[in-house]
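**Student:** See query-v1.cif below, with mmCIF, C-alpha atoms.
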data_structure
loop_
_atom_site.label_atom_id
_atom_site.label_comp_id
_atom_site.auth_asym_id
_atom_site.auth_seq_id
_atom_site.Cartn_x
_atom_site.Cartn_y
_atom_site.Cartn_z
CA MET A 176 -124.73 -171.10 146.02
CA GLY A 177 -124.32 -168.88 143.05
CA ASN A 178 -127.20 -167.82 140.89
CA PRO A 179 -127.73 -170.47 138.12
CA GLN A 180 -129.10 -167.73 135.92
CA GLN A 181 -125.95 -165.64 136.27
CA SER A 182 -124.46 -164.89 132.85
CA ILE A 183 -120.89 -165.74 131.91
CA ASN A 184 -118.61 -163.63 129.82
CA ALA A 185 -116.40 -164.38 126.80
CA ASP A 186 -113.24 -164.66 128.92
CA GLN A 187 -114.83 -167.39 131.05
CA VAL A 188 -115.90 -169.30 127.94
CA SER A 189 -112.41 -168.99 126.47
CA GLU A 190 -110.82 -170.20 129.72
CA PHE A 191 -113.17 -173.19 129.86
CA LEU A 192 -112.40 -174.20 126.27
CA ARG A 193 -108.66 -173.89 126.93
CA GLU A 194 -109.02 -176.23 129.90
CA HIS A 195 -111.25 -178.62 127.94
CA PRO A 196 -109.97 -178.53 124.33
CA ASP A 197 -111.94 -181.68 123.41
CA PHE A 198 -115.25 -180.33 124.71
CA LEU A 199 -116.70 -179.59 121.27
CA ILE A 200 -115.76 -183.05 119.97
CA GLY A 201 -118.30 -184.53 122.35
CA GLN A 202 -120.91 -181.94 121.37
CA PRO A 203 -121.32 -182.40 117.59
CA GLU A 204 -124.71 -180.69 117.50
CA LEU A 205 -123.27 -177.62 119.24
CA LEU A 206 -120.26 -177.61 116.93
CA ALA A 207 -122.56 -177.67 113.93
CA GLU A 208 -124.46 -174.68 115.25
CA ILE A 209 -121.37 -172.51 115.78
CA GLU A 210 -119.72 -173.24 112.43
CA LEU A 211 -121.63 -170.21 111.20
CA GLU A 212 -122.38 -171.59 107.75
CA GLN A 213 -124.94 -168.85 107.21
CA SER A 214 -122.81 -166.12 108.77
CA PRO A 215 -122.01 -162.90 106.95
CA ALA A 216 -119.22 -162.86 104.39
CA GLY A 217 -115.80 -162.89 105.95
CA THR A 218 -116.78 -165.03 108.98
CA ILE A 219 -114.99 -168.40 109.24
CA SER A 220 -115.64 -171.59 111.18
CA LEU A 221 -113.55 -172.89 114.07
CA ALA A 222 -112.09 -175.58 111.84
CA GLN A 223 -111.16 -173.04 109.22
CA ARG A 224 -109.60 -170.85 111.89
CA GLN A 225 -107.54 -173.78 113.17
CA ARG A 226 -106.39 -174.70 109.67
CA GLN A 227 -105.42 -171.08 109.05
CA GLN A 228 -103.41 -170.94 112.25
CA LEU A 229 -101.69 -174.23 111.45
CA ARG A 230 -100.76 -172.95 107.98
CA GLN A 231 -99.31 -169.80 109.55
CA LYS A 232 -97.29 -171.78 112.07
CA ASN A 233 -96.04 -174.14 109.36
CA GLN A 234 -95.02 -171.17 107.25
CA GLN A 235 -93.13 -169.65 110.18
CA LEU A 236 -91.34 -172.94 110.87
CA HIS A 237 -90.55 -173.27 107.17
CA GLU A 238 -89.02 -169.79 107.08
CA GLN A 239 -87.04 -170.43 110.28
CA LEU A 240 -85.67 -173.67 108.86
CA HIS A 241 -84.57 -171.98 105.65
CA ALA A 242 -82.96 -169.17 107.67
CA LEU A 243 -80.98 -171.74 109.67
CA ILE A 244 -79.89 -173.53 106.49
CA ASP A 245 -78.88 -170.27 104.82
CA ASN A 246 -76.96 -169.22 107.91
CA ALA A 247 -75.15 -172.57 108.05
CA HIS A 248 -74.16 -172.24 104.38
CA SER A 249 -73.00 -168.67 105.00
CA ASN A 250 -70.84 -169.72 107.95
CA THR A 251 -69.32 -172.60 105.98
CA ALA A 252 -68.39 -170.21 103.17
CA LEU A 253 -66.96 -167.78 105.74
CA GLN A 254 -64.84 -170.55 107.26
CA GLN A 255 -63.43 -171.44 103.85
CA ARG A 256 -62.58 -167.83 103.02
CA VAL A 257 -60.88 -167.29 106.39
CA HIS A 258 -58.90 -170.50 105.92
CA GLN A 259 -57.61 -169.41 102.51
CA LEU A 260 -56.78 -165.92 103.73
CA CYS A 261 -54.81 -167.24 106.70
CA LEU A 262 -52.74 -169.44 104.37
CA ARG A 263 -51.94 -166.42 102.21
CA LEU A 264 -50.96 -164.40 105.27
CA LEU A 265 -48.66 -167.18 106.46
CA ASP A 266 -46.88 -167.09 103.09
CA CYS A 267 -45.99 -163.40 103.52
CA GLN A 268 -42.31 -162.69 104.02
CA ASP A 269 -42.45 -159.13 105.34
CA LEU A 270 -44.73 -156.53 106.88
CA HIS A 271 -45.50 -154.78 103.60
CA SER A 272 -46.78 -157.95 101.94
CA LEU A 273 -48.69 -158.92 105.11
CA LEU A 274 -50.64 -155.66 105.19
CA THR A 275 -51.15 -155.59 101.43
CA VAL A 276 -52.48 -159.15 101.28
CA LEU A 277 -54.77 -158.58 104.25
CA LEU A 278 -56.43 -155.47 102.81
CA GLU A 279 -56.65 -156.72 99.23
CA GLN A 280 -57.99 -160.15 100.10
CA LEU A 281 -60.59 -158.82 102.51
CA GLN A 282 -61.98 -156.59 99.80
CA GLN A 283 -61.87 -159.28 97.12
CA GLU A 284 -62.82 -162.46 98.97
CA PHE A 285 -65.14 -160.94 101.57
CA SER A 286 -66.78 -158.47 99.17
CA ALA A 287 -65.96 -155.65 101.56
CA ASP A 288 -66.69 -152.09 100.44
CA GLU A 289 -64.19 -150.73 102.96
CA VAL A 290 -61.50 -152.19 105.20
CA ALA A 291 -59.95 -150.26 108.09
CA LEU A 292 -56.99 -151.25 110.26
CA ARG A 293 -56.12 -149.34 113.41
CA LEU A 294 -53.00 -150.33 115.33
CA PHE A 295 -52.38 -149.10 118.86
CA TYR A 296 -48.96 -148.33 120.31
CA THR A 297 -47.15 -146.98 123.34
CA ASP A 298 -44.15 -144.70 123.06
CA GLU A 299 -41.75 -147.63 123.30
CA GLN A 300 -43.63 -149.96 120.98
CA GLN A 301 -44.65 -147.97 117.92
CA ALA A 302 -44.18 -150.00 114.77
CA LYS A 303 -42.67 -148.46 111.67
CA LEU A 304 -45.30 -149.30 109.11
CA PRO A 305 -44.28 -149.46 105.46
CA PRO A 306 -46.21 -147.35 102.95
CA VAL A 307 -49.29 -149.39 102.02
CA ASN A 308 -52.22 -148.31 99.88
CA GLY A 309 -55.14 -148.64 102.26
CA ASN A 310 -57.00 -147.36 105.30
CA ILE A 311 -54.33 -148.04 107.92
CA ALA A 312 -53.37 -145.82 110.83
CA GLU A 313 -51.56 -146.03 114.17
CA LEU A 314 -53.03 -144.52 117.31
CA PRO A 315 -51.61 -144.11 120.82
CA ALA A 316 -53.03 -146.83 123.06
CA ASP A 317 -54.30 -144.18 125.46
CA ASP A 318 -55.95 -142.05 122.77
CA SER A 319 -59.26 -140.74 124.13
CA GLN A 320 -60.93 -141.45 120.78
CA LEU A 321 -60.68 -145.17 121.48
CA LYS A 322 -63.12 -144.95 124.38
CA VAL A 323 -65.98 -145.54 121.94
CA PHE A 324 -64.54 -149.03 121.43
CA ASP A 325 -63.97 -149.85 125.11
CA HIS A 326 -66.75 -152.45 125.21
CA ILE A 327 -65.46 -154.30 122.14
CA LEU A 328 -61.82 -154.11 123.22
CA ASP A 329 -62.61 -155.28 126.76
CA LYS A 330 -64.49 -158.36 125.56
CA GLN A 331 -61.92 -159.17 122.85
CA GLN A 332 -64.66 -160.75 120.73
CA PRO A 333 -65.61 -159.84 117.13
CA VAL A 334 -68.81 -157.87 116.70
CA CYS A 335 -70.90 -158.08 113.53
CA GLY A 336 -73.69 -155.68 112.70
CA ARG A 337 -73.95 -151.93 113.14
CA LEU A 338 -71.50 -149.57 114.78
CA THR A 339 -72.24 -146.19 116.30
CA LYS A 340 -71.67 -142.99 114.37
CA ALA A 341 -68.61 -142.17 116.49
CA GLN A 342 -67.13 -145.63 115.93
CA LYS A 343 -67.62 -145.43 112.17
CA GLN A 344 -66.18 -141.92 112.09
CA LEU A 345 -62.95 -143.08 113.74
CA LEU A 346 -62.59 -145.98 111.32
CA PHE A 347 -63.87 -144.59 108.02
CA ALA A 348 -63.76 -140.77 108.34
CA GLU A 349 -65.56 -139.14 105.40
CA LYS A 350 -66.95 -142.50 104.22
CA ALA A 351 -68.61 -143.26 107.57
CA GLU A 352 -72.11 -142.32 106.37
CA GLU A 353 -71.89 -144.88 103.55
CA ILE A 354 -71.22 -147.77 105.94
CA HIS A 355 -74.25 -149.70 107.23
CA SER A 356 -72.85 -153.00 108.55
CA VAL A 357 -69.44 -153.99 109.88
CA ALA A 358 -67.49 -156.99 111.11
CA CYS A 359 -65.21 -155.49 113.76
CA LEU A 360 -62.32 -157.57 115.14
CA PRO A 361 -60.37 -156.54 118.24
CA LEU A 362 -56.76 -157.52 117.69
CA GLY A 363 -54.99 -158.85 120.74
CA HIS A 364 -53.02 -157.01 123.39
CA GLN A 365 -49.66 -155.25 123.67
CA PRO A 366 -47.09 -155.25 122.16
CA CYS A 367 -49.45 -155.48 119.19
CA ALA A 368 -53.05 -154.47 119.51
CA GLY A 369 -55.65 -152.88 117.32
CA LEU A 370 -58.93 -153.09 115.47
CA LEU A 371 -59.73 -154.54 112.07
CA ALA A 372 -63.03 -153.52 110.49
CA ILE A 373 -64.57 -155.12 107.39
CA ALA A 374 -67.42 -152.92 106.21
CA SER A 375 -70.29 -152.93 103.74
CA ARG A 376 -72.82 -150.48 102.40
CA ASP A 377 -75.38 -153.31 102.70
CA ALA A 378 -77.07 -153.25 106.12
CA ASN A 379 -77.53 -157.05 105.98
CA ARG A 380 -74.04 -158.00 104.82
CA PHE A 381 -72.60 -158.43 108.32
CA HIS A 382 -74.99 -159.55 111.05
CA ALA A 383 -75.07 -160.98 114.56
CA ASP A 384 -75.62 -164.58 113.38
CA MET A 385 -72.31 -164.77 111.54
CA GLY A 386 -69.71 -167.26 112.76
CA THR A 387 -67.41 -164.93 114.70
CA GLU A 388 -65.13 -167.76 115.83
CA TYR A 389 -63.63 -167.80 112.33
CA LEU A 390 -63.04 -164.06 112.47
CA SER A 391 -61.38 -164.46 115.88
CA PHE A 392 -59.02 -167.00 114.37
CA LEU A 393 -58.17 -164.61 111.52
CA GLY A 394 -57.37 -161.87 114.03
CA GLU A 395 -55.13 -164.17 116.06
CA VAL A 396 -53.16 -165.31 113.01
CA PHE A 397 -52.71 -161.75 111.75
CA MET A 398 -51.48 -160.38 115.09
CA ARG A 399 -48.99 -163.22 115.59
CA LEU A 400 -47.50 -162.35 112.24
CA MET A 401 -47.49 -158.65 113.17
CA ARG A 402 -45.52 -159.46 116.33
CA ARG A 403 -43.03 -161.46 114.33
CA PHE A 404 -42.40 -158.73 111.77
CA CYS A 405 -42.59 -155.72 114.11
CA HIS A 406 -41.17 -156.97 117.39
CA GLY A 407 -39.44 -160.26 116.67
CA HIS A 408 -41.91 -162.31 118.75
CA ASN A 409 -42.31 -165.92 117.62
CA GLY A 410 -44.73 -167.09 120.28
CA ASN A 411 -48.03 -165.75 121.58
#
As a first step, turn the structure in this file into C-alpha cells.
**Tutor:**
Amino acid sequence: MGNPQQSINADQVSEFLREHPDFLIGQPELLAEIELEQSPAGTISLAQRQRQQLRQKNQQLHEQLHALIDNAHSNTALQQRVHQLCLRLLDCQDLHSLLTVLLEQLQQEFSADEVALRLFYTDEQQAKLPPVNGNIAELPADDSQLKVFDHILDKQQPVCGRLTKAQKQLLFAEKAEEIHSVACLPLGHQPCAGLLAIASRDANRFHADMGTEYLSFLGEVFMRLMRRFCHGHNGN
C-alpha cells in the first residue's frame, strides 16, 4: 500500500476536480474555506472565476455570431452586385463596350482601387483588343512570368486575400506596393483564358470568407462573352 501521509501535488488535485466537478457542492464547509474572502487584493473566489470565464466565453460567442451575420450580409451584397454587373455585361454589343463596362463597374460598384485584366493567348489565338482605358494586357500563354499564378490557374477557383509580391508586380506594376488585398479570378481555358484581379489598398477589403462562387459566376459570364466577340464561339 502507498503511504497515507504521502503528499499530493497541484496537478493531482486539478485532475481529481476535473473528474469530479460536483465534489465541492457536497463539501460546503470546504468551499467556504477556499473562497478566500480574506485573501489579498486581486484574489478571486472559484465562483467569481467561473463567472468571469462564462462572461468571456459568452463574449467570444457574441463576437463570432456578429462576424457570421456581417459575413452573410457582405455575401448577399456581393451577390447582388455580381448579378447587376452580369446583366450589364450581357447588354454589351461589342468587345470595346464589354471591357469598358467590366473595368468601370468593378471600380464603381465593388469599390476597387485597381482592376487588372490579363488575357493569355497562343500564336493562333491572339485577340485584337480595342483601345480601352484601363489596366489590360495580353500575355503569351507560355510566358514564364505566369508561373507565379500556377496554383491559382490550376485550381480554377477565385482567391481572395493577399497575393505575393511577384503576383502583384505582374498585375499592378508600379502600383503593386499600394495593394494589400485582392480578389483574383482565373478566367477559363483556351481559346480564351486569363486573370481578373480586383484590388484594394485596404488589407481587409477582400478576404478568405468572401463568397467566391459569385465571383466564379462573373468570370464564367465574362469569358463566354469574350469568346463570342473574339472567336465567334456561342457555347462553352
**Student:** Which neighbours of stretch 276-280 of chain A fall inside 12 Å, counting all atoms listed in the file, when residues of the same chain fewer than 5 positions from it are skipped, and could you give them as an NGL selection string?
**Tutor:** :A and (256-271 or 285-292 or 307-311 or 371-374 or 393-394 or 396-398 or 400-401)
**Student:** Between A:Gln255, A:Gln332, A:Gln223, A:Ser375, which has the minimum distance to A:Gln282 (counting all atoms listed in the file)?
**Tutor:**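 Of A:Gln255, A:Gln332, A:Gln223, A:Ser375, the one nearest A:Gln282 is A:Ser375, counting all atoms listed in the file.
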**Student:** Residue by residue, what does the PyMOL selection byres ((chain A and resi 339) around 10) grab here? Present the result as a list in words.
**Tutor:**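 Matching residues under the PyMOL selection byres ((chain A and resi 339) around 10) are Val323, Phe324, Arg337, Leu338, Lys340, Ala341, Gln342, Lys343, Gln344, Ala351 and His355 of chain A.
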**Student:** Hey, which of A:Gly369, A:Val334, A:Leu229, A:Glu395 ends up closest to A:Ala383? Count all atoms listed in the file.
**Tutor:**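 Closest candidate: A:Val334.
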**Student:** Apply the PyMOL selection byres ((chain A and resi 318-321) around 12) to the displayed file and report the matching residues as a list in words.
**Tutor:**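 When the PyMOL selection byres ((chain A and resi 318-321) around 12) is applied to the shown file, the picked residues are Arg293, Leu294, Phe295, Tyr296, Thr297, Glu313, Leu314, Pro315, Ala316, Asp317, Lys322, Val323, Phe324, Asp325, His326, Ile327, Leu328, Asp329, Ala341, Gln342, Lys343, Gln344, Leu345, Leu346, Pro361, Gly369 and Leu370 of chain A.
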**Student:** Now that the selection is made, can you save its residues with C-alpha atoms as a PDB file, in the frame of the given file?
**Tutor:**
ATOM      1  CA  ARG A 293     -56.120-149.340 113.410  1.00  0.00           C
ATOM      2  CA  LEU A 294     -53.000-150.330 115.330  1.00  0.00           C
ATOM      3  CA  PHE A 295     -52.380-149.100 118.860  1.00  0.00           C
ATOM      4  CA  TYR A 296     -48.960-148.330 120.310  1.00  0.00           C
ATOM      5  CA  THR A 297     -47.150-146.980 123.340  1.00  0.00           C
ATOM      6  CA  GLU A 313     -51.560-146.030 114.170  1.00  0.00           C
ATOM      7  CA  LEU A 314     -53.030-144.520 117.310  1.00  0.00           C
ATOM      8  CA  PRO A 315     -51.610-144.110 120.820  1.00  0.00           C
ATOM      9  CA  ALA A 316     -53.030-146.830 123.060  1.00  0.00           C
ATOM     10  CA  ASP A 317     -54.300-144.180 125.460  1.00  0.00           C
ATOM     11  CA  LYS A 322     -63.120-144.950 124.380  1.00  0.00           C
ATOM     12  CA  VAL A 323     -65.980-145.540 121.940  1.00  0.00           C
ATOM     13  CA  PHE A 324     -64.540-149.030 121.430  1.00  0.00           C
ATOM     14  CA  ASP A 325     -63.970-149.850 125.110  1.00  0.00           C
ATOM     15  CA  HIS A 326     -66.750-152.450 125.210  1.00  0.00           C
ATOM     16  CA  ILE A 327     -65.460-154.300 122.140  1.00  0.00           C
ATOM     17  CA  LEU A 328     -61.820-154.110 123.220  1.00  0.00           C
ATOM     18  CA  ASP A 329     -62.610-155.280 126.760  1.00  0.00           C
ATOM     19  CA  ALA A 341     -68.610-142.170 116.490  1.00  0.00           C
ATOM     20  CA  GLN A 342     -67.130-145.630 115.930  1.00  0.00           C
ATOM     21  CA  LYS A 343     -67.620-145.430 112.170  1.00  0.00           C
ATOM     22  CA  GLN A 344     -66.180-141.920 112.090  1.00  0.00           C
ATOM     23  CA  LEU A 345     -62.950-143.080 113.740  1.00  0.00           C
ATOM     24  CA  LEU A 346     -62.590-145.980 111.320  1.00  0.00           C
ATOM     25  CA  PRO A 361     -60.370-156.540 118.240  1.00  0.00           C
ATOM     26  CA  GLY A 369     -55.650-152.880 117.320  1.00  0.00           C
ATOM     27  CA  LEU A 370     -58.930-153.090 115.470  1.00  0.00           C
TER      28      LEU A 370
END
**Student:** Measuring between only C-alpha atoms, which one of A:Leu274, A:Cys335, A:Ala312, A:Ala252 shows the shortest distance to A:Ala348?
**Tutor:**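 Nearest candidate to A:Ala348 out of A:Leu274, A:Cys335, A:Ala312, A:Ala252: A:Ala312.
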**Student:** Measure the distance from atom CA of A:Leu390 to atom CA of A:Ala368 in Å and round it to one decimal.
**Tutor:** 15.5 Å
**Student:** Please report the interatomic distance between atom CA of A:Ser272 and atom CA of A:Arg399 in Å with one decimal.
**Tutor:**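 For atom CA of A:Ser272 relative to atom CA of A:Arg399, the distance reads 14.8 Å.
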**Student:** Could you jot down the atom CA of A:Cys359 to atom CA of A:Glu284 separation for me, Å, one decimal place?
**Tutor:**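 We find that atom CA of A:Cys359 and atom CA of A:Glu284 lie 16.5 Å from each other.
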**Student:** Using the chain letters and numbering of this document, enumerate as JSON, numbers by chain the residues selected by the PyMOL selection byres ((chain A and resi 380) around 9).
**Tutor:** {"A": [336, 355, 356, 357, 374, 375, 376, 377, 378, 379, 381, 382]}
